[in-house]
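Everything below belongs to work-v8.cif, which stores mmCIF, C-alpha atoms.
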data_start
loop_
_atom_site.label_atom_id
_atom_site.label_comp_id
_atom_site.auth_asym_id
_atom_site.auth_seq_id
_atom_site.Cartn_x
_atom_site.Cartn_y
_atom_site.Cartn_z
CA MET A 1 -91.24 -7.83 -4.53
CA ASP A 2 -91.71 -6.08 -7.84
CA PHE A 3 -95.37 -6.54 -8.74
CA ASP A 4 -94.84 -5.08 -12.21
CA THR A 5 -93.10 -8.29 -13.26
CA PHE A 6 -96.28 -10.22 -12.40
CA LEU A 7 -98.07 -8.75 -15.40
CA ASP A 8 -95.21 -9.87 -17.64
CA VAL A 9 -95.50 -13.43 -16.32
CA LEU A 10 -99.25 -13.49 -16.98
CA LYS A 11 -98.82 -12.04 -20.46
CA GLU A 12 -96.06 -14.52 -21.31
CA GLN A 13 -98.31 -17.37 -20.30
CA ASP A 14 -101.33 -15.88 -22.04
CA LEU A 15 -103.40 -15.86 -18.86
CA ILE A 16 -105.18 -12.51 -19.21
CA PRO A 17 -108.65 -12.58 -20.79
CA PRO A 18 -109.36 -9.89 -23.42
CA SER A 19 -112.15 -8.36 -21.32
CA ALA A 20 -110.08 -8.02 -18.12
CA LEU A 21 -111.06 -5.03 -15.97
CA THR A 22 -108.47 -5.50 -13.27
CA ILE A 23 -105.71 -7.81 -12.14
CA MET A 24 -104.96 -7.77 -8.43
CA VAL A 25 -102.25 -9.20 -6.20
CA THR A 26 -103.92 -10.43 -3.05
CA GLY A 27 -103.29 -12.42 0.13
CA SER A 28 -100.00 -12.33 2.03
CA THR A 29 -98.00 -11.16 -0.98
CA ALA A 30 -100.10 -8.00 -1.29
CA ARG A 31 -99.49 -7.24 2.39
CA GLY A 32 -95.77 -7.89 2.25
CA TRP A 33 -96.14 -10.77 4.71
CA ASP A 34 -95.24 -13.55 2.31
CA HIS A 35 -92.30 -15.93 2.70
CA ALA A 36 -90.44 -18.33 0.43
CA ASN A 37 -93.19 -20.94 0.71
CA SER A 38 -96.14 -18.58 0.21
CA ASP A 39 -98.37 -18.87 -2.82
CA ILE A 40 -98.67 -15.85 -5.05
CA ASP A 41 -102.42 -15.21 -5.20
CA LEU A 42 -103.89 -13.19 -8.00
CA ILE A 43 -107.44 -12.24 -8.96
CA VAL A 44 -108.50 -11.33 -12.46
CA VAL A 45 -111.90 -9.68 -12.92
CA SER A 46 -113.36 -9.48 -16.40
CA THR A 47 -116.69 -8.98 -18.15
CA GLY A 48 -116.44 -12.26 -20.05
CA PRO A 49 -115.22 -15.68 -18.93
CA MET A 50 -111.63 -16.85 -19.30
CA ALA A 51 -111.90 -19.46 -22.01
CA ASP A 52 -108.81 -21.61 -21.66
CA GLU A 53 -108.54 -25.36 -21.17
CA ARG A 54 -105.91 -24.86 -18.44
CA VAL A 55 -108.46 -23.06 -16.29
CA LEU A 56 -110.53 -25.26 -13.97
CA SER A 57 -113.98 -24.46 -12.62
CA ALA A 58 -114.75 -23.96 -8.93
CA PRO A 59 -118.34 -23.75 -7.67
CA VAL A 60 -119.70 -20.49 -6.29
CA PRO A 61 -123.34 -19.72 -5.37
CA LEU A 62 -123.65 -16.91 -7.90
CA ASP A 63 -124.67 -16.59 -11.53
CA PRO A 64 -122.73 -18.00 -13.40
CA LYS A 65 -122.18 -20.76 -10.84
CA THR A 66 -118.46 -21.20 -11.33
CA LEU A 67 -115.18 -19.32 -11.06
CA GLY A 68 -112.12 -20.05 -13.13
CA VAL A 69 -109.07 -21.20 -11.19
CA HIS A 70 -105.59 -21.81 -12.54
CA ALA A 71 -102.44 -22.71 -10.59
CA PHE A 72 -98.91 -23.04 -11.90
CA GLU A 73 -95.28 -22.98 -10.77
CA HIS A 74 -93.02 -20.12 -11.72
CA GLY A 75 -89.76 -18.87 -10.23
CA GLY A 76 -89.88 -21.50 -7.49
CA ARG A 77 -93.30 -20.31 -6.24
CA ARG A 78 -96.82 -21.58 -6.70
CA TRP A 79 -99.07 -19.05 -8.40
CA GLU A 80 -102.85 -19.22 -8.20
CA ILE A 81 -105.22 -17.10 -10.26
CA LYS A 82 -108.95 -16.86 -9.61
CA TYR A 83 -111.03 -15.53 -12.48
CA TRP A 84 -114.09 -13.59 -11.35
CA LEU A 85 -116.70 -11.96 -13.52
CA ASP A 86 -117.66 -8.38 -12.79
CA ALA A 87 -121.32 -9.47 -12.66
CA GLN A 88 -120.48 -11.98 -9.92
CA VAL A 89 -118.78 -9.26 -7.89
CA SER A 90 -121.94 -7.14 -8.16
CA GLN A 91 -124.03 -10.06 -6.92
CA LEU A 92 -121.65 -10.63 -4.05
CA LEU A 93 -121.86 -7.01 -2.95
CA ASP A 94 -125.66 -7.25 -3.12
CA LYS A 95 -125.50 -10.12 -0.63
CA VAL A 96 -123.88 -7.84 1.93
CA SER A 97 -126.11 -4.82 1.49
CA TRP A 98 -127.48 -2.93 4.48
CA ASP A 99 -130.97 -4.13 3.56
CA GLN A 100 -129.75 -7.71 3.95
CA PHE A 101 -128.05 -6.83 7.21
CA ASP A 102 -131.18 -5.22 8.64
CA ALA A 103 -133.11 -8.36 7.74
CA GLU A 104 -130.57 -10.77 9.21
CA ARG A 105 -128.59 -8.66 11.66
CA MET A 106 -128.60 -11.16 14.50
CA THR A 107 -127.47 -14.14 12.47
CA GLY A 108 -124.36 -12.84 10.77
CA ILE A 109 -123.06 -13.49 7.32
CA ARG A 110 -123.65 -16.68 5.38
CA LEU A 111 -121.15 -16.47 2.54
CA THR A 112 -119.08 -19.38 1.32
CA THR A 113 -115.37 -19.38 2.08
CA VAL A 114 -114.43 -18.37 -1.46
CA GLU A 115 -116.86 -15.43 -1.33
CA GLU A 116 -115.60 -14.35 2.09
CA LEU A 117 -112.02 -14.57 0.87
CA PHE A 118 -112.75 -12.41 -2.15
CA LEU A 119 -114.45 -9.60 -0.23
CA GLY A 120 -112.16 -9.93 2.77
CA ARG A 121 -109.05 -9.61 0.68
CA LEU A 122 -110.31 -6.98 -1.74
CA GLY A 123 -109.43 -3.97 0.41
CA ALA A 124 -105.89 -5.19 1.04
CA SER A 125 -105.19 -6.23 -2.55
CA VAL A 126 -102.95 -4.33 -4.94
CA PRO A 127 -104.14 -3.67 -8.49
CA LEU A 128 -101.65 -4.10 -11.30
CA GLY A 129 -101.96 -1.32 -13.80
CA ASP A 130 -105.12 0.81 -13.85
CA GLY A 131 -106.68 0.92 -10.38
CA GLU A 132 -110.05 2.45 -11.32
CA TRP A 133 -112.07 -0.77 -10.96
CA HIS A 134 -110.34 -1.65 -7.68
CA CYS A 135 -110.88 1.80 -6.24
CA ARG A 136 -114.57 1.85 -7.17
CA ARG A 137 -115.29 -1.64 -5.81
CA CYS A 138 -113.37 -0.96 -2.59
CA ALA A 139 -115.55 2.11 -2.05
CA GLU A 140 -118.66 -0.03 -2.58
CA LEU A 141 -117.31 -2.60 -0.11
CA ASP A 142 -116.62 0.10 2.48
CA TYR A 143 -120.18 1.34 2.09
CA SER A 144 -121.63 -2.18 2.37
CA ALA A 145 -122.53 -4.11 5.54
CA PHE A 146 -119.81 -6.70 4.96
CA ARG A 147 -117.82 -5.56 8.00
CA SER A 148 -120.90 -5.70 10.24
CA PHE A 149 -121.94 -9.10 8.92
CA MET A 150 -118.46 -10.55 9.45
CA THR A 151 -118.11 -9.07 12.92
CA MET A 152 -121.52 -10.35 13.96
CA GLU A 153 -120.73 -13.86 12.73
CA ALA A 154 -117.55 -14.02 14.81
CA LEU A 155 -119.23 -12.69 17.96
CA ASN A 156 -122.05 -15.19 17.58
CA ARG A 157 -119.49 -18.01 17.48
CA SER A 158 -117.77 -16.61 20.54
CA ASP A 159 -121.02 -16.49 22.50
CA SER A 160 -121.87 -20.08 21.60
CA ASP A 161 -118.41 -21.27 22.63
CA VAL A 162 -118.54 -19.37 25.93
CA THR A 163 -121.85 -21.03 26.75
CA ALA A 164 -120.41 -24.44 25.87
CA ALA A 165 -117.22 -23.85 27.87
CA LEU A 166 -119.13 -22.89 31.00
CA GLY A 167 -121.32 -25.97 30.56
CA GLN A 168 -118.24 -28.19 30.28
CA LEU A 169 -116.78 -26.58 33.37
CA ASP A 170 -119.94 -27.23 35.38
CA ALA A 171 -119.98 -30.81 34.11
CA GLY A 172 -116.52 -31.39 35.59
CA ASP A 173 -114.51 -31.29 32.37
CA PRO A 174 -112.07 -28.39 32.85
CA ASP A 175 -109.70 -29.51 30.08
CA ALA A 176 -112.45 -29.39 27.48
CA ALA A 177 -113.69 -26.09 28.94
CA ALA A 178 -110.23 -24.54 28.61
CA LEU A 179 -109.95 -25.49 24.95
CA THR A 180 -113.51 -24.37 24.18
CA VAL A 181 -113.09 -20.99 25.84
CA ARG A 182 -109.87 -20.57 23.88
CA GLU A 183 -111.94 -21.09 20.73
CA ALA A 184 -114.37 -18.47 22.02
CA PHE A 185 -111.50 -16.08 22.54
CA ALA A 186 -110.19 -16.75 19.04
CA ALA A 187 -113.64 -15.90 17.67
CA SER A 188 -113.77 -12.71 19.74
CA VAL A 189 -110.38 -11.65 18.42
CA GLU A 190 -111.62 -12.36 14.89
CA GLY A 191 -114.66 -10.20 15.64
CA LEU A 192 -112.41 -7.42 16.87
CA LEU A 193 -110.16 -7.66 13.82
CA ARG A 194 -113.06 -7.79 11.41
CA SER A 195 -114.65 -4.76 13.07
CA VAL A 196 -111.63 -2.71 12.03
CA GLY A 197 -111.42 -4.17 8.53
CA GLU A 198 -108.87 -6.94 9.14
CA TYR A 199 -110.79 -9.82 7.68
CA VAL A 200 -109.11 -13.03 6.67
CA GLY A 201 -106.22 -15.24 7.58
CA VAL A 202 -106.25 -17.18 10.85
CA LYS A 203 -102.59 -18.02 10.27
CA TRP A 204 -101.86 -14.31 10.13
CA ARG A 205 -103.84 -13.41 13.25
CA CYS A 206 -100.76 -12.15 15.14
CA ARG A 207 -99.76 -9.85 12.32
CA ARG A 208 -103.31 -8.70 11.78
CA LEU A 209 -103.67 -7.83 15.46
CA ARG A 210 -100.44 -5.85 15.37
CA ALA A 211 -101.59 -4.07 12.20
CA ALA A 212 -105.11 -3.36 13.44
CA ARG A 213 -106.03 0.10 14.65
CA GLN A 214 -107.74 -0.79 17.92
CA ASP A 215 -107.19 -0.30 21.62
CA LEU A 216 -109.53 -2.90 23.09
CA LEU A 217 -107.00 -5.71 23.42
CA SER A 218 -103.26 -5.41 23.87
CA TYR A 219 -101.02 -7.77 21.98
CA ASP A 220 -99.46 -9.01 25.21
CA ARG A 221 -102.80 -9.94 26.69
CA TYR A 222 -103.86 -11.59 23.45
CA TRP A 223 -100.68 -13.65 23.31
CA ALA A 224 -100.90 -14.69 26.98
CA ILE A 225 -104.38 -16.12 26.42
CA GLU A 226 -103.70 -17.57 22.98
CA THR A 227 -100.73 -19.49 24.39
CA MET A 228 -102.56 -20.26 27.67
CA ARG A 229 -99.59 -18.78 29.51
CA ASP A 230 -101.33 -18.46 32.88
CA TYR A 231 -103.41 -21.64 32.70
CA SER A 232 -102.81 -24.57 35.01
CA PRO A 233 -105.10 -27.44 35.99
CA ALA A 234 -105.15 -26.00 39.51
CA ASN A 235 -106.71 -22.73 38.32
CA ALA A 236 -108.79 -24.06 35.43
CA ARG A 237 -112.11 -22.55 36.58
CA ALA A 238 -110.64 -19.13 37.27
CA TRP A 239 -108.83 -19.09 33.91
CA VAL A 240 -111.88 -20.21 31.93
CA GLU A 241 -114.09 -17.62 33.66
CA GLU A 242 -111.52 -14.87 33.13
CA VAL A 243 -111.29 -15.60 29.40
CA ALA A 244 -115.06 -15.98 29.09
CA GLY A 245 -115.47 -12.65 30.89
CA LEU A 246 -113.06 -10.98 28.49
CA CYS A 247 -115.01 -12.38 25.53
CA LYS A 248 -118.19 -10.86 26.95
CA GLU A 249 -116.48 -7.53 27.63
CA LEU A 250 -115.25 -7.44 24.05
CA SER A 251 -118.75 -8.16 22.77
CA MET A 252 -119.92 -4.97 24.50
CA ASP A 253 -117.09 -2.89 23.07
CA ILE A 254 -116.67 -4.15 19.52
CA GLU A 255 -118.70 -1.96 17.19
CA ILE A 256 -120.89 -3.81 14.74
CA MET B 1 -137.35 -4.68 46.98
CA THR B 2 -133.92 -6.11 46.31
CA ASP B 3 -131.46 -5.94 49.14
CA ILE B 4 -128.94 -3.26 48.16
CA ALA B 5 -126.15 -5.45 49.51
CA ARG B 6 -126.89 -7.95 46.72
CA VAL B 7 -124.42 -8.44 43.90
CA PRO B 8 -125.86 -8.29 40.37
CA LYS B 9 -124.04 -10.53 37.93
CA ARG B 10 -124.62 -10.71 34.19
CA LYS B 11 -125.63 -14.21 33.16
CA TRP B 12 -123.07 -15.98 31.00
CA SER B 13 -125.75 -16.89 28.49
CA VAL B 14 -126.72 -13.28 27.85
CA ARG B 15 -125.49 -11.76 24.60
CA MET B 16 -124.51 -8.17 24.00
CA ARG B 17 -124.02 -6.23 20.79
CA ASN B 18 -122.76 -2.72 20.27
CA PHE B 19 -124.56 -1.31 17.25
CA ARG B 20 -122.63 2.00 17.34
CA GLY B 21 -125.32 3.48 19.53
CA PRO B 22 -127.41 1.69 22.11
CA LEU B 23 -126.06 -1.51 23.62
CA VAL B 24 -128.43 -4.34 22.72
CA VAL B 25 -128.72 -7.04 25.37
CA PHE B 26 -130.63 -10.22 24.68
CA THR B 27 -131.10 -13.75 25.86
CA ALA B 28 -129.75 -16.53 23.63
CA ASP B 29 -133.28 -17.48 22.56
CA GLU B 30 -134.06 -13.78 21.92
CA THR B 31 -137.22 -13.93 24.01
CA THR B 32 -135.89 -10.88 25.83
CA ARG B 33 -134.19 -8.01 24.06
CA LEU B 34 -133.33 -4.69 25.63
CA GLU B 35 -131.69 -1.57 24.24
CA LEU B 36 -129.69 0.23 26.88
CA ASN B 37 -128.92 3.93 26.84
CA ASP B 38 -125.66 5.36 28.17
CA VAL B 39 -126.63 5.19 31.83
CA GLY B 40 -128.13 1.71 31.46
CA ARG B 41 -124.98 0.56 29.69
CA PHE B 42 -122.81 1.97 32.47
CA MET B 43 -124.85 0.19 35.15
CA PHE B 44 -125.00 -3.05 33.18
CA ARG B 45 -121.24 -3.11 32.62
CA ALA B 46 -120.68 -2.69 36.32
CA MET B 47 -122.81 -5.76 37.11
CA ASP B 48 -119.79 -8.02 37.15
CA GLY B 49 -120.63 -10.30 40.05
CA VAL B 50 -118.20 -8.47 42.32
CA ARG B 51 -119.82 -5.10 43.04
CA THR B 52 -122.91 -4.72 45.19
CA VAL B 53 -125.90 -2.58 44.22
CA VAL B 54 -124.57 0.08 46.59
CA GLN B 55 -121.13 0.07 45.03
CA ILE B 56 -122.57 0.31 41.52
CA GLY B 57 -124.82 3.13 42.68
CA GLU B 58 -121.79 4.99 44.02
CA LEU B 59 -120.05 4.60 40.68
CA VAL B 60 -123.11 5.90 38.86
CA ALA B 61 -123.37 8.86 41.25
CA GLN B 62 -119.74 9.73 40.61
CA GLU B 63 -119.97 9.29 36.83
CA TYR B 64 -123.19 11.25 36.34
CA ASP B 65 -122.90 13.67 39.27
CA ILE B 66 -126.15 12.74 40.98
CA PRO B 67 -126.89 12.10 44.68
CA PRO B 68 -125.72 8.61 45.74
CA GLU B 69 -129.10 7.69 47.31
CA GLU B 70 -130.85 8.43 44.03
CA ALA B 71 -128.27 6.48 42.02
CA ILE B 72 -128.44 3.47 44.35
CA ALA B 73 -132.24 3.44 44.08
CA ASP B 74 -131.96 3.57 40.27
CA VAL B 75 -129.48 0.69 40.21
CA GLN B 76 -131.67 -1.28 42.59
CA GLU B 77 -134.70 -0.84 40.33
CA PHE B 78 -132.72 -1.60 37.17
CA ALA B 79 -131.11 -4.72 38.69
CA GLU B 80 -134.55 -6.05 39.65
CA GLU B 81 -135.82 -5.40 36.14
CA LEU B 82 -132.85 -7.25 34.63
CA ALA B 83 -133.22 -10.14 37.06
CA GLU B 84 -136.89 -10.51 36.12
CA ALA B 85 -135.88 -10.51 32.46
CA ASN B 86 -133.38 -13.30 33.14
CA ILE B 87 -130.47 -11.06 32.21
CA VAL B 88 -128.69 -10.92 35.58
CA ASP B 89 -128.53 -12.99 38.73
CA LEU B 90 -128.76 -11.24 42.08
CA LEU B 91 -126.20 -12.96 44.26
CA PRO B 92 -125.95 -12.65 48.02
CA ALA B 93 -123.03 -10.50 49.10
CA ASP B 94 -120.12 -12.37 50.61
CA PRO B 95 -120.45 -12.35 54.38
CA PRO B 96 -117.85 -10.16 56.04
CA VAL B 97 -114.72 -12.02 57.04
CA THR B 98 -114.53 -12.27 60.82
CA ALA B 99 -111.38 -12.21 62.85
CA ALA B 100 -111.78 -15.90 63.58
CA GLN B 101 -111.93 -16.72 59.85
CA SER B 102 -109.05 -14.53 58.77
#
Translate this file's structure into structure tokens.
Amino acid sequence: MDFDTFLDVLKEQDLIPPSALTIMVTGSTARGWDHANSDIDLIVVSTGPMADERVLSAPVPLDPKTLGVHAFEHGGRRWEIKYWLDAQVSQLLDKVSWDQFDAERMTGIRLTTVEELFLGRLGASVPLGDGEWHCRRCAELDYSAFRSFMTMEALNRSDSDVTAALGQLDAGDPDAAALTVREAFAASVEGLLRSVGEYVGVKWRCRRLRAARQDLLSYDRYWAIETMRDYSPANARAWVEEVAGLCKELSMDIEI
Amino acid sequence: MTDIARVPKRKWSVRMRNFRGPLVVFTADETTRLELNDVGRFMFRAMDGVRTVVQIGELVAQEYDIPPEEAIADVQEFAEELAEANIVDLLPADPPVTAAQS
């Protein structure tokens, strides 16, 4: 896909604010994973707000308290633009500083989904035109504790689900235990992916695992558990304990 | 002293985090929190509910090139410490299978 044409579309539709610092292609399109039904996701960062009646406001726990969002159809695809302010990006990076991590290291991150999406997708986004802003902010993100926060959050979920699964097993509910430990495993895999900088997109987990530079979990083993290939009601306890054990092993190996 | 034929097993409820250095092990309520060095981490990882204290000691002896008796005594002491901290259970070893049972 020729990203250069994206700028033309935005200019034609007068969707670029005068104070724009960067325009980025993000999400599956930026990674080359998109398909005919994928949205084209764009982020515009500027110093001043996008003043346009077509742009809606979405809440965000920053100052100012809203983002601009505009969606439209073009070329048979749905396009969505989020308008961030540079000051909001600075605040977001402050939330994931190492000082914050040291204060809250055992709890994990507490960002909203829209904040997580922004930071999680930033590194894998593609700037249109001048990449100076993108390059500088990516460096700040790499230096931040975002990766550690995100990894910790996933591992905490995995631990909670393992505890619940074992409790369900002991209470004589192996079906529930199997599904819960599968959730724990999904969280562990997210933790693993996040620890190597693969942040967002549950629907892209397979691709992310294949793309990730890690040697803690083979794709074949991942897929066997994700699809419950070796599970049967006759071996429920053994399967649940094996998956729970793997989650715990991963928690010792995944670097925070 | 703990019987060296016992089998240390990490409790399911125990949480572990690898902070790119020591392995931090803690109970879910965080009343107990330990930082394990390399040797402690090696021993702890081996406490899988299958290996006995002796077998873990033999692994440690091989890994760190120390006399097996010394390694077994270290594992025995460490396993007791972890059991007191509610980090591991010390399970009885499976009784040997007799000819009549097999």
Expressed in Å to a single decimal, how great is the separation between atom CA of B:Asp29 and atom CA of A:Asp99?
-> 23.3 Å
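Considering the residues B:Gln55, B:Thr27, B:Asn86, B:Ser13 and counting only C-alpha atoms, chain A has its shortest atom-to-atom contact with B:Ser13.
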Answer key for the PyMOL selection byres ((chain B) within 6 of (chain A)), residues as JSON, numbers by chain | {"B": [13, 16, 17, 18, 19, 20]}
For A:Ala103: contacts at 12 Å, all atoms listed in the file, fewer than 6 positions along chain excluded, given as JSON, numbers by chain = {"A": [95, 96, 97, 109, 145, 149]}
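Near A:Asp142, within a cut-off of 12 Å and counting only C-alpha atoms, sit the residues A:Leu93, A:Val96, A:Ser97, A:Trp98, A:Leu119, A:Gly120, A:Leu122, A:Gly123, A:Cys135, A:Arg136, A:Arg137, A:Cys138, A:Phe146, A:Arg147, A:Ser148, A:Ser195, A:Val196, A:Gly197, with same-chain residues fewer than 4 positions away left out.
Atom pair atom CA of A:Arg208 / atom CA of A:Ser28 has a distance of 10.9 Å (rounded to one decimal).
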Where does the PyMOL selection byres ((chain A and resi 11-22) around 10) land in this file, that is, which residues does it pick, as a VMD selection string?
-> chain A and resid 5 to 10 23 to 24 43 to 52 54 to 55 70 81 83 to 86 127 to 134
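Compared by their closest atoms to A:Gln168, and using all atoms listed in the file, the residues A:Ser125, A:Thr112, A:Ser188, A:Thr180 rank with A:Thr180 nearest.
Put simply, atom CA of A:Thr66 is 14.9 Å away from atom CA of A:Leu111.
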Report as a PyMOL selection string the residues that result from applying the PyMOL selection byres ((chain B and resi 83) around 12) to the structure here.
-> chain B and resi 2+6-11+14+27+32+44+47+75-82+84-91
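Excluding B:Asn37 and any residue on its chain fewer than 3 positions from it, the residues at most 9 Å away by all atoms listed in the file are Gly21, Pro22, Leu23, Gly40, Arg41 and Phe42 of chain B.
The residue that comes closest to A:Leu217, out of A:Val202, A:Ala124, A:Leu192, A:Val114 and on the basis of only C-alpha atoms, is A:Leu192.
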Selected residue of minimal separation from B:Gly49 among B:Ile72, B:Val25, B:Ala5, B:Ile66, counting all atoms listed in the file | B:Ala5
Any idea what's packed within 8 Å of B:Val60, counting all atoms listed in the file, ignoring anything in its chain fewer than 4 positions away? Could you give it as a VMD selection string?
-> chain B and resid 39 42 to 43 56 64 to 66 68 71
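Shell of A:Lys203 at 12 Å, with all atoms listed in the file counted and residues fewer than 3 places along the chain excluded, is Gly27, Ser28, Trp33, Asp34, Ser38, Ala186, Glu190, Tyr199, Val200, Cys206, Arg207, Arg208 and Leu209 of chain A.
Closest approach to A:Trp79 from the set A:Asp230, A:Asp4, A:Asp41, A:Asp102 is made by A:Asp41, with distances taken over all atoms listed in the file.
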Please write N, CA and C atoms of stretch 72-94 of chain B, from the structure given just now, as a PDB file, in the first residue's frame.
ATOM      1  N   ILE B  72      23.423 -30.937  48.626  1.00  0.00           N
ATOM      2  CA  ILE B  72      22.171 -31.510  49.167  1.00  0.00           C
ATOM      3  C   ILE B  72      21.817 -30.821  50.491  1.00  0.00           C
ATOM      4  N   ALA B  73      22.842 -30.589  51.312  1.00  0.00           N
ATOM      5  CA  ALA B  73      22.592 -29.905  52.597  1.00  0.00           C
ATOM      6  C   ALA B  73      22.083 -28.479  52.361  1.00  0.00           C
ATOM      7  N   ASP B  74      22.632 -27.815  51.355  1.00  0.00           N
ATOM      8  CA  ASP B  74      22.185 -26.444  51.028  1.00  0.00           C
ATOM      9  C   ASP B  74      20.727 -26.444  50.553  1.00  0.00           C
ATOM     10  N   VAL B  75      20.415 -27.411  49.698  1.00  0.00           N
ATOM     11  CA  VAL B  75      19.036 -27.491  49.182  1.00  0.00           C
ATOM     12  C   VAL B  75      18.076 -27.806  50.321  1.00  0.00           C
ATOM     13  N   GLN B  76      18.511 -28.699  51.193  1.00  0.00           N
ATOM     14  CA  GLN B  76      17.677 -29.087  52.342  1.00  0.00           C
ATOM     15  C   GLN B  76      17.359 -27.854  53.204  1.00  0.00           C
ATOM     16  N   GLU B  77      18.382 -27.070  53.474  1.00  0.00           N
ATOM     17  CA  GLU B  77      18.206 -25.873  54.310  1.00  0.00           C
ATOM     18  C   GLU B  77      17.316 -24.839  53.602  1.00  0.00           C
ATOM     19  N   PHE B  78      17.569 -24.664  52.308  1.00  0.00           N
ATOM     20  CA  PHE B  78      16.803 -23.684  51.532  1.00  0.00           C
ATOM     21  C   PHE B  78      15.330 -24.104  51.420  1.00  0.00           C
ATOM     22  N   ALA B  79      15.102 -25.397  51.201  1.00  0.00           N
ATOM     23  CA  ALA B  79      13.724 -25.903  51.072  1.00  0.00           C
ATOM     24  C   ALA B  79      12.956 -25.694  52.377  1.00  0.00           C
ATOM     25  N   GLU B  80      13.632 -25.900  53.497  1.00  0.00           N
ATOM     26  CA  GLU B  80      12.984 -25.680  54.801  1.00  0.00           C
ATOM     27  C   GLU B  80      12.613 -24.214  54.976  1.00  0.00           C
ATOM     28  N   GLU B  81      13.556 -23.357  54.581  1.00  0.00           N
ATOM     29  CA  GLU B  81      13.333 -21.913  54.678  1.00  0.00           C
ATOM     30  C   GLU B  81      12.115 -21.503  53.838  1.00  0.00           C
ATOM     31  N   LEU B  82      12.048 -22.040  52.621  1.00  0.00           N
ATOM     32  CA  LEU B  82      10.934 -21.700  51.725  1.00  0.00           C
ATOM     33  C   LEU B  82       9.609 -22.279  52.236  1.00  0.00           C
ATOM     34  N   ALA B  83       9.678 -23.443  52.824  1.00  0.00           N
ATOM     35  CA  ALA B  83       8.452 -24.049  53.366  1.00  0.00           C
ATOM     36  C   ALA B  83       7.929 -23.211  54.537  1.00  0.00           C
ATOM     37  N   GLU B  84       8.850 -22.753  55.373  1.00  0.00           N
ATOM     38  CA  GLU B  84       8.437 -21.902  56.506  1.00  0.00           C
ATOM     39  C   GLU B  84       7.853 -20.586  56.019  1.00  0.00           C
ATOM     40  N   ALA B  85       8.342 -20.115  54.893  1.00  0.00           N
ATOM     41  CA  ALA B  85       7.841 -18.850  54.325  1.00  0.00           C
ATOM     42  C   ALA B  85       6.579 -19.051  53.492  1.00  0.00           C
ATOM     43  N   ASN B  86       6.082 -20.281  53.452  1.00  0.00           N
ATOM     44  CA  ASN B  86       4.856 -20.582  52.703  1.00  0.00           C
ATOM     45  C   ASN B  86       5.042 -20.444  51.193  1.00  0.00           C
ATOM     46  N   ILE B  87       6.262 -20.694  50.750  1.00  0.00           N
ATOM     47  CA  ILE B  87       6.572 -20.574  49.322  1.00  0.00           C
ATOM     48  C   ILE B  87       6.519 -21.943  48.638  1.00  0.00           C
ATOM     49  N   VAL B  88       6.971 -22.977  49.369  1.00  0.00           N
ATOM     50  CA  VAL B  88       6.912 -24.335  48.795  1.00  0.00           C
ATOM     51  C   VAL B  88       6.229 -25.285  49.782  1.00  0.00           C
ATOM     52  N   ASP B  89       5.723 -26.362  49.241  1.00  0.00           N
ATOM     53  CA  ASP B  89       5.265 -27.493  50.054  1.00  0.00           C
ATOM     54  C   ASP B  89       6.351 -28.549  50.003  1.00  0.00           C
ATOM     55  N   LEU B  90       6.510 -29.270  51.105  1.00  0.00           N
ATOM     56  CA  LEU B  90       7.449 -30.395  51.111  1.00  0.00           C
ATOM     57  C   LEU B  90       6.629 -31.681  51.099  1.00  0.00           C
ATOM     58  N   LEU B  91       6.567 -32.296  49.939  1.00  0.00           N
ATOM     59  CA  LEU B  91       5.716 -33.468  49.768  1.00  0.00           C
ATOM     60  C   LEU B  91       6.493 -34.730  50.100  1.00  0.00           C
ATOM     61  N   PRO B  92       5.782 -35.751  50.580  1.00  0.00           N
ATOM     62  CA  PRO B  92       6.471 -37.038  50.763  1.00  0.00           C
ATOM     63  C   PRO B  92       6.818 -37.618  49.402  1.00  0.00           C
ATOM     64  N   ALA B  93       7.976 -38.282  49.338  1.00  0.00           N
ATOM     65  CA  ALA B  93       8.349 -38.913  48.066  1.00  0.00           C
ATOM     66  C   ALA B  93       7.406 -40.072  47.797  1.00  0.00           C
ATOM     67  N   ASP B  94       7.156 -40.332  46.518  1.00  0.00           N
ATOM     68  CA  ASP B  94       6.333 -41.490  46.186  1.00  0.00           C
ATOM     69  C   ASP B  94       7.005 -42.758  46.712  1.00  0.00           C
TER      70      ASP B  94
END
